[in-house]
>>> print(open('protein.pdb').read())   # PDB, C-alpha atoms
ATOM      1  CA  MET A 465     -82.898 -53.117 119.013  1.00  0.00           C
ATOM      2  CA  SER A 466     -83.396 -53.834 122.694  1.00  0.00           C
ATOM      3  CA  ALA A 467     -80.693 -55.209 124.892  1.00  0.00           C
ATOM      4  CA  VAL A 468     -80.951 -56.969 128.193  1.00  0.00           C
ATOM      5  CA  SER A 469     -78.221 -56.358 130.726  1.00  0.00           C
ATOM      6  CA  LEU A 470     -77.740 -58.919 133.457  1.00  0.00           C
ATOM      7  CA  PRO A 471     -75.747 -58.123 136.573  1.00  0.00           C
ATOM      8  CA  VAL A 472     -72.343 -59.718 136.719  1.00  0.00           C
ATOM      9  CA  THR A 473     -71.446 -61.177 140.070  1.00  0.00           C
ATOM     10  CA  ARG A 474     -67.775 -61.907 140.280  1.00  0.00           C
ATOM     11  CA  PRO A 475     -65.623 -61.728 143.374  1.00  0.00           C
ATOM     12  CA  ILE A 476     -63.649 -58.512 143.814  1.00  0.00           C
ATOM     13  CA  GLY A 477     -60.759 -60.430 145.294  1.00  0.00           C
ATOM     14  CA  ARG A 478     -59.696 -63.160 147.630  1.00  0.00           C
ATOM     15  CA  ALA A 479     -59.357 -62.562 151.365  1.00  0.00           C
ATOM     16  CA  LEU A 480     -57.626 -64.627 154.020  1.00  0.00           C
ATOM     17  CA  VAL A 481     -59.496 -64.579 157.340  1.00  0.00           C
ATOM     18  CA  ILE A 482     -57.313 -65.283 160.365  1.00  0.00           C
ATOM     19  CA  ALA A 483     -59.533 -66.019 163.336  1.00  0.00           C
ATOM     20  CA  ALA A 484     -60.457 -68.747 165.772  1.00  0.00           C
ATOM     21  CA  PRO A 485     -63.338 -70.906 164.509  1.00  0.00           C
ATOM     22  CA  THR A 486     -65.749 -69.249 166.946  1.00  0.00           C
ATOM     23  CA  SER A 487     -64.813 -65.757 165.680  1.00  0.00           C
ATOM     24  CA  ARG A 488     -65.086 -66.296 161.918  1.00  0.00           C
ATOM     25  CA  GLN A 489     -68.808 -65.970 161.204  1.00  0.00           C
ATOM     26  CA  GLN A 490     -69.038 -62.168 161.410  1.00  0.00           C
ATOM     27  CA  PRO A 491     -66.047 -61.331 159.171  1.00  0.00           C
ATOM     28  CA  LEU A 492     -66.916 -64.050 156.657  1.00  0.00           C
ATOM     29  CA  GLY A 493     -70.485 -62.801 156.328  1.00  0.00           C
ATOM     30  CA  VAL A 494     -69.414 -59.185 155.802  1.00  0.00           C
ATOM     31  CA  LEU A 495     -66.710 -60.090 153.276  1.00  0.00           C
ATOM     32  CA  GLN A 496     -69.023 -62.305 151.260  1.00  0.00           C
ATOM     33  CA  ARG A 497     -71.608 -59.493 151.126  1.00  0.00           C
ATOM     34  CA  LEU A 498     -68.848 -57.204 149.812  1.00  0.00           C
ATOM     35  CA  GLY A 499     -67.970 -59.708 147.066  1.00  0.00           C
ATOM     36  CA  TYR A 500     -64.804 -61.302 148.417  1.00  0.00           C
ATOM     37  CA  SER A 501     -64.132 -65.005 148.184  1.00  0.00           C
ATOM     38  CA  CYS A 502     -62.598 -66.154 151.448  1.00  0.00           C
ATOM     39  CA  ALA A 503     -60.126 -68.655 152.824  1.00  0.00           C
ATOM     40  CA  GLU A 504     -59.937 -69.342 156.556  1.00  0.00           C
ATOM     41  CA  VAL A 505     -57.090 -70.195 158.930  1.00  0.00           C
ATOM     42  CA  ASP A 506     -56.946 -70.505 162.710  1.00  0.00           C
ATOM     43  CA  ASP A 507     -53.788 -68.550 163.553  1.00  0.00           C
ATOM     44  CA  VAL A 508     -51.192 -66.135 162.176  1.00  0.00           C
ATOM     45  CA  TYR A 509     -48.598 -68.880 161.757  1.00  0.00           C
ATOM     46  CA  THR A 510     -50.787 -70.826 159.352  1.00  0.00           C
ATOM     47  CA  GLY A 511     -51.769 -67.516 157.747  1.00  0.00           C
ATOM     48  CA  MET A 512     -48.151 -66.578 157.039  1.00  0.00           C
ATOM     49  CA  LEU A 513     -47.516 -70.039 155.628  1.00  0.00           C
ATOM     50  CA  GLU A 514     -50.484 -69.634 153.274  1.00  0.00           C
ATOM     51  CA  LEU A 515     -49.322 -66.175 152.166  1.00  0.00           C
ATOM     52  CA  CYS A 516     -45.793 -67.423 151.512  1.00  0.00           C
ATOM     53  CA  ARG A 517     -47.110 -70.325 149.455  1.00  0.00           C
ATOM     54  CA  LYS A 518     -49.454 -68.144 147.384  1.00  0.00           C
ATOM     55  CA  PRO A 519     -48.253 -64.518 147.579  1.00  0.00           C
ATOM     56  CA  LEU A 520     -50.211 -63.255 144.579  1.00  0.00           C
ATOM     57  CA  VAL A 521     -53.534 -64.932 145.360  1.00  0.00           C
ATOM     58  CA  TYR A 522     -54.769 -62.757 148.218  1.00  0.00           C
ATOM     59  CA  ARG A 523     -55.825 -59.128 148.089  1.00  0.00           C
ATOM     60  CA  ALA A 524     -56.678 -58.744 151.779  1.00  0.00           C
ATOM     61  CA  VAL A 525     -55.947 -60.334 155.139  1.00  0.00           C
ATOM     62  CA  ILE A 526     -58.495 -59.947 157.919  1.00  0.00           C
ATOM     63  CA  VAL A 527     -57.111 -60.459 161.416  1.00  0.00           C
ATOM     64  CA  SER A 528     -59.331 -60.958 164.445  1.00  0.00           C
ATOM     65  CA  LEU A 529     -57.761 -59.251 167.458  1.00  0.00           C
ATOM     66  CA  ALA A 530     -59.774 -61.641 169.649  1.00  0.00           C
ATOM     67  CA  SER A 531     -57.673 -64.513 168.242  1.00  0.00           C
ATOM     68  CA  LEU A 532     -54.219 -62.956 168.694  1.00  0.00           C
ATOM     69  CA  TYR A 533     -51.683 -62.647 171.451  1.00  0.00           C
ATOM     70  CA  ARG A 534     -50.023 -59.245 171.624  1.00  0.00           C
ATOM     71  CA  GLU A 535     -46.665 -60.752 170.565  1.00  0.00           C
ATOM     72  CA  GLU A 536     -48.263 -62.016 167.354  1.00  0.00           C
ATOM     73  CA  LEU A 537     -49.011 -58.488 166.132  1.00  0.00           C
ATOM     74  CA  ALA A 538     -45.569 -58.519 164.442  1.00  0.00           C
ATOM     75  CA  PHE A 539     -47.368 -60.580 161.791  1.00  0.00           C
ATOM     76  CA  ILE A 540     -48.912 -57.363 160.447  1.00  0.00           C
ATOM     77  CA  ASP A 541     -45.540 -55.679 159.999  1.00  0.00           C
ATOM     78  CA  SER A 542     -44.127 -58.768 158.282  1.00  0.00           C
ATOM     79  CA  VAL A 543     -47.068 -58.967 155.867  1.00  0.00           C
ATOM     80  CA  LYS A 544     -46.817 -55.273 154.986  1.00  0.00           C
ATOM     81  CA  ARG A 545     -43.065 -55.576 154.333  1.00  0.00           C
ATOM     82  CA  ARG A 546     -43.062 -58.813 152.385  1.00  0.00           C
ATOM     83  CA  PHE A 547     -46.385 -58.511 150.554  1.00  0.00           C
ATOM     84  CA  GLY A 548     -46.977 -54.816 149.931  1.00  0.00           C
ATOM     85  CA  GLN A 549     -49.967 -55.471 147.671  1.00  0.00           C
ATOM     86  CA  ILE A 550     -51.970 -57.091 150.486  1.00  0.00           C
ATOM     87  CA  GLU A 551     -54.192 -54.948 152.696  1.00  0.00           C
ATOM     88  CA  VAL A 552     -54.478 -55.887 156.388  1.00  0.00           C
ATOM     89  CA  TRP A 553     -57.845 -55.268 158.063  1.00  0.00           C
ATOM     90  CA  LEU A 554     -58.664 -55.731 161.744  1.00  0.00           C
ATOM     91  CA  THR A 555     -61.874 -57.056 163.211  1.00  0.00           C
ATOM     92  CA  GLN A 556     -63.319 -57.844 166.664  1.00  0.00           C
ATOM     93  CA  ILE A 557     -61.546 -54.957 168.377  1.00  0.00           C
ATOM     94  CA  ASP A 558     -63.915 -54.428 171.320  1.00  0.00           C
ATOM     95  CA  GLY A 559     -61.965 -54.111 174.568  1.00  0.00           C
ATOM     96  CA  ARG A 560     -58.622 -54.363 172.787  1.00  0.00           C
ATOM     97  CA  GLN A 561     -57.635 -50.711 172.409  1.00  0.00           C
ATOM     98  CA  ALA A 562     -53.930 -51.260 173.169  1.00  0.00           C
ATOM     99  CA  ALA A 563     -53.706 -54.084 170.616  1.00  0.00           C
ATOM    100  CA  LEU A 564     -55.613 -51.957 168.106  1.00  0.00           C
ATOM    101  CA  ALA A 565     -53.193 -49.041 168.524  1.00  0.00           C
ATOM    102  CA  GLU A 566     -50.204 -51.355 168.164  1.00  0.00           C
ATOM    103  CA  ALA A 567     -51.692 -53.039 165.089  1.00  0.00           C
ATOM    104  CA  MET A 568     -52.294 -49.667 163.445  1.00  0.00           C
ATOM    105  CA  ARG A 569     -48.708 -48.660 164.237  1.00  0.00           C
ATOM    106  CA  MET A 570     -47.540 -51.888 162.596  1.00  0.00           C
ATOM    107  CA  GLY A 571     -49.303 -50.882 159.371  1.00  0.00           C
ATOM    108  CA  ALA A 572     -52.871 -52.212 159.438  1.00  0.00           C
ATOM    109  CA  ASP A 573     -54.992 -50.505 156.777  1.00  0.00           C
ATOM    110  CA  GLY A 574     -58.262 -50.253 158.659  1.00  0.00           C
ATOM    111  CA  LEU A 575     -61.179 -51.939 160.360  1.00  0.00           C
ATOM    112  CA  LEU A 576     -63.818 -54.431 159.259  1.00  0.00           C
ATOM    113  CA  ALA A 577     -67.194 -53.755 160.850  1.00  0.00           C
ATOM    114  CA  ASP A 578     -70.707 -55.049 160.182  1.00  0.00           C
ATOM    115  CA  ASP A 579     -71.247 -52.318 157.598  1.00  0.00           C
ATOM    116  CA  GLY A 580     -68.017 -52.931 155.663  1.00  0.00           C
ATOM    117  CA  LEU A 581     -64.394 -51.873 155.481  1.00  0.00           C
ATOM    118  CA  HIS A 582     -63.268 -48.606 157.068  1.00  0.00           C
ATOM    119  CA  ARG A 583     -59.830 -47.318 156.111  1.00  0.00           C
ATOM    120  CA  VAL A 584     -57.943 -45.584 158.912  1.00  0.00           C
ATOM    121  CA  ALA A 585     -54.879 -43.666 157.791  1.00  0.00           C
ATOM    122  CA  ILE A 586     -52.041 -43.306 160.255  1.00  0.00           C
ATOM    123  CA  THR A 587     -48.865 -41.795 158.910  1.00  0.00           C
ATOM    124  CA  PRO A 588     -45.521 -42.470 160.595  1.00  0.00           C
ATOM    125  CA  PRO A 589     -43.869 -39.513 162.339  1.00  0.00           C
ATOM    126  CA  ALA A 590     -41.611 -37.483 160.042  1.00  0.00           C
ATOM    127  CA  ASN A 591     -38.550 -37.874 162.267  1.00  0.00           C
ATOM    128  CA  SER A 592     -38.908 -41.613 162.942  1.00  0.00           C
ATOM    129  CA  ALA A 593     -36.539 -42.666 160.167  1.00  0.00           C
ATOM    130  CA  ALA A 594     -34.089 -39.784 160.669  1.00  0.00           C
ATOM    131  CA  GLY A 595     -32.370 -41.172 163.765  1.00  0.00           C
ATOM    132  CA  SER A 596     -32.469 -44.850 162.931  1.00  0.00           C
ATOM    133  CA  PRO A 597     -29.852 -46.570 160.768  1.00  0.00           C
ATOM    134  CA  ALA A 598     -30.892 -48.072 157.465  1.00  0.00           C
ATOM    135  CA  PRO A 599     -31.670 -51.788 157.810  1.00  0.00           C
ATOM    136  CA  GLN A 600     -29.365 -54.269 156.128  1.00  0.00           C
ATOM    137  CA  THR A 601     -30.927 -56.188 153.295  1.00  0.00           C
ATOM    138  CA  ALA A 602     -30.027 -59.496 151.773  1.00  0.00           C
ATOM    139  CA  PRO A 603     -30.772 -60.184 148.119  1.00  0.00           C
ATOM    140  CA  VAL A 604     -33.013 -63.127 147.448  1.00  0.00           C
ATOM    141  CA  PRO A 605     -31.657 -65.556 144.831  1.00  0.00           C
ATOM    142  CA  GLN A 606     -33.596 -65.435 141.601  1.00  0.00           C
ATOM    143  CA  ASN A 607     -35.598 -68.489 140.636  1.00  0.00           C
ATOM    144  CA  THR A 608     -34.972 -69.513 137.048  1.00  0.00           C
ATOM    145  CA  ALA A 609     -38.226 -71.462 136.726  1.00  0.00           C
ATOM    146  CA  ALA A 610     -41.245 -69.354 135.838  1.00  0.00           C
ATOM    147  CA  ASP A 611     -43.961 -69.956 138.379  1.00  0.00           C
ATOM    148  CA  GLU A 612     -46.663 -68.032 140.212  1.00  0.00           C
ATOM    149  CA  ASN A 613     -44.263 -67.162 143.034  1.00  0.00           C
ATOM    150  CA  SER A 614     -41.589 -65.571 140.829  1.00  0.00           C
ATOM    151  CA  ALA A 615     -42.711 -62.035 141.682  1.00  0.00           C
ATOM    152  CA  ALA A 616     -42.073 -62.737 145.372  1.00  0.00           C
ATOM    153  CA  GLY A 617     -38.412 -63.520 144.614  1.00  0.00           C
ATOM    154  CA  ASP A 618     -37.850 -60.017 143.234  1.00  0.00           C
ATOM    155  CA  ARG A 619     -37.818 -58.377 146.690  1.00  0.00           C
ATOM    156  CA  ASP A 620     -35.045 -57.898 149.205  1.00  0.00           C
ATOM    157  CA  PHE A 621     -35.800 -59.011 152.748  1.00  0.00           C
ATOM    158  CA  VAL A 622     -34.494 -57.330 155.868  1.00  0.00           C
ATOM    159  CA  ILE A 623     -31.886 -59.279 157.819  1.00  0.00           C
ATOM    160  CA  GLY A 624     -33.056 -59.850 161.372  1.00  0.00           C
ATOM    161  CA  GLU A 625     -36.713 -59.237 160.540  1.00  0.00           C
ATOM    162  CA  PRO A 626     -38.934 -60.997 163.082  1.00  0.00           C
ATOM    163  CA  VAL A 627     -40.238 -64.285 161.751  1.00  0.00           C
ATOM    164  CA  LEU A 628     -43.215 -65.895 163.378  1.00  0.00           C
ATOM    165  CA  THR A 629     -42.309 -69.237 164.895  1.00  0.00           C
ATOM    166  CA  ALA A 630     -43.990 -71.518 167.357  1.00  0.00           C
TER     167      ALA A 630
END
>>> encode(input="protein.pdb", output="structure tokens")
Amino acid sequence: MSAVSLPVTRPIGRALVIAAPTSRQQPLGVLQRLGYSCAEVDDVYTGMLELCRKPLVYRAVIVSLASLYREELAFIDSVKRRFGQIEVWLTQIDGRQAALAEAMRMGADGLLADDGLHRVAITPPANSAAGSPAPQTAPVPQNTAADENSAAGDRDFVIGEPVLTA
């Protein structure tokens, strides 16, 4: 008995690309070659809104450093705290070494280049949490209706955490 095996092409996940319209082509092309299906937004504010609306839809967020102000890098820290399952990848880093270092300190997982994703592991210093007080947390009320966002309501959020606003 002979069997024919056809390749299965299914996306490996959904990625949210945060970049100005002129900066999107390169990351979109690389991600589509890797098998991701992609959504696009212009800025981190719209990106955070999309993640809050659909927290379990995205597997990765790709942030173009060419499309960010330095103050907006707090977005990365907020994503890593609120949505631990989402990986944050940086792209278009040329000439932005200070922003790259800050983004990695905030918890970015790695870099997106023309040849794919490159994980860069930076571990926090061992004594960084020793001298700082534990942050206060506020419990999030549980939602009684079963919906796709119910898993997001199971986390505690830090009081005073920076929230991106206009």
>>> atom_distance(input="protein.pdb", atom1="atom CA of Leu581 of chain A", atom2="atom CA of Ser528 of chain A")
13.7 Å
>>> atom_distance(input="protein.pdb", atom1="atom CA of Glu514 of chain A", atom2="atom CA of Ala479 of chain A")
11.5 Å
>>> atom_distance(input="protein.pdb", atom1="atom CA of Asp541 of chain A", atom2="atom CA of His582 of chain A")
19.3 Å
>>> resolve_selection(input="protein.pdb", expression="the PyMOL selection byres ((chain A and resi 493) around 12)", output="count of residues only")
21
>>> resolve_selection(input="protein.pdb", expression="the PyMOL selection byres ((chain A and resi 548) around 12)", output="PyMOL selection string")
chain A and resi 515+519-520+522-525+540-547+549-552+571-573+615-616+619
>>> closest_residue(input="protein.pdb", among="A:Lys518, A:Ile482, A:Arg569, A:Ala562", to="Val505 of chain A", atoms="all atoms listed in the file")
A:Ile482
>>> closest_residue(input="protein.pdb", among="A:Met570, A:Leu480, A:Ile557, A:Leu513", to="Ile526 of chain A", atoms="all atoms listed in the file")
A:Leu480
>>> resolve_selection(input="protein.pdb", expression="the PyMOL selection byres ((chain A and resi 560) around 12)", output="list in words")
Ser528, Leu529, Ala530, Ser531, Leu532, Tyr533, Arg534, Leu554, Thr555, Gln556, Ile557, Asp558, Gly559, Gln561, Ala562, Ala563, Leu564, Ala565, Glu566 and Ala567 of chain A
>>> axis_aligned_box(input="protein.pdb", around="segment 486-505 of chain A", padding_each_side="4 Å", output="JSON")
{"center_x": -64.3, "center_y": -63.7, "center_z": 157.0, "size_x": 22.5, "size_y": 21.0, "size_z": 27.9}
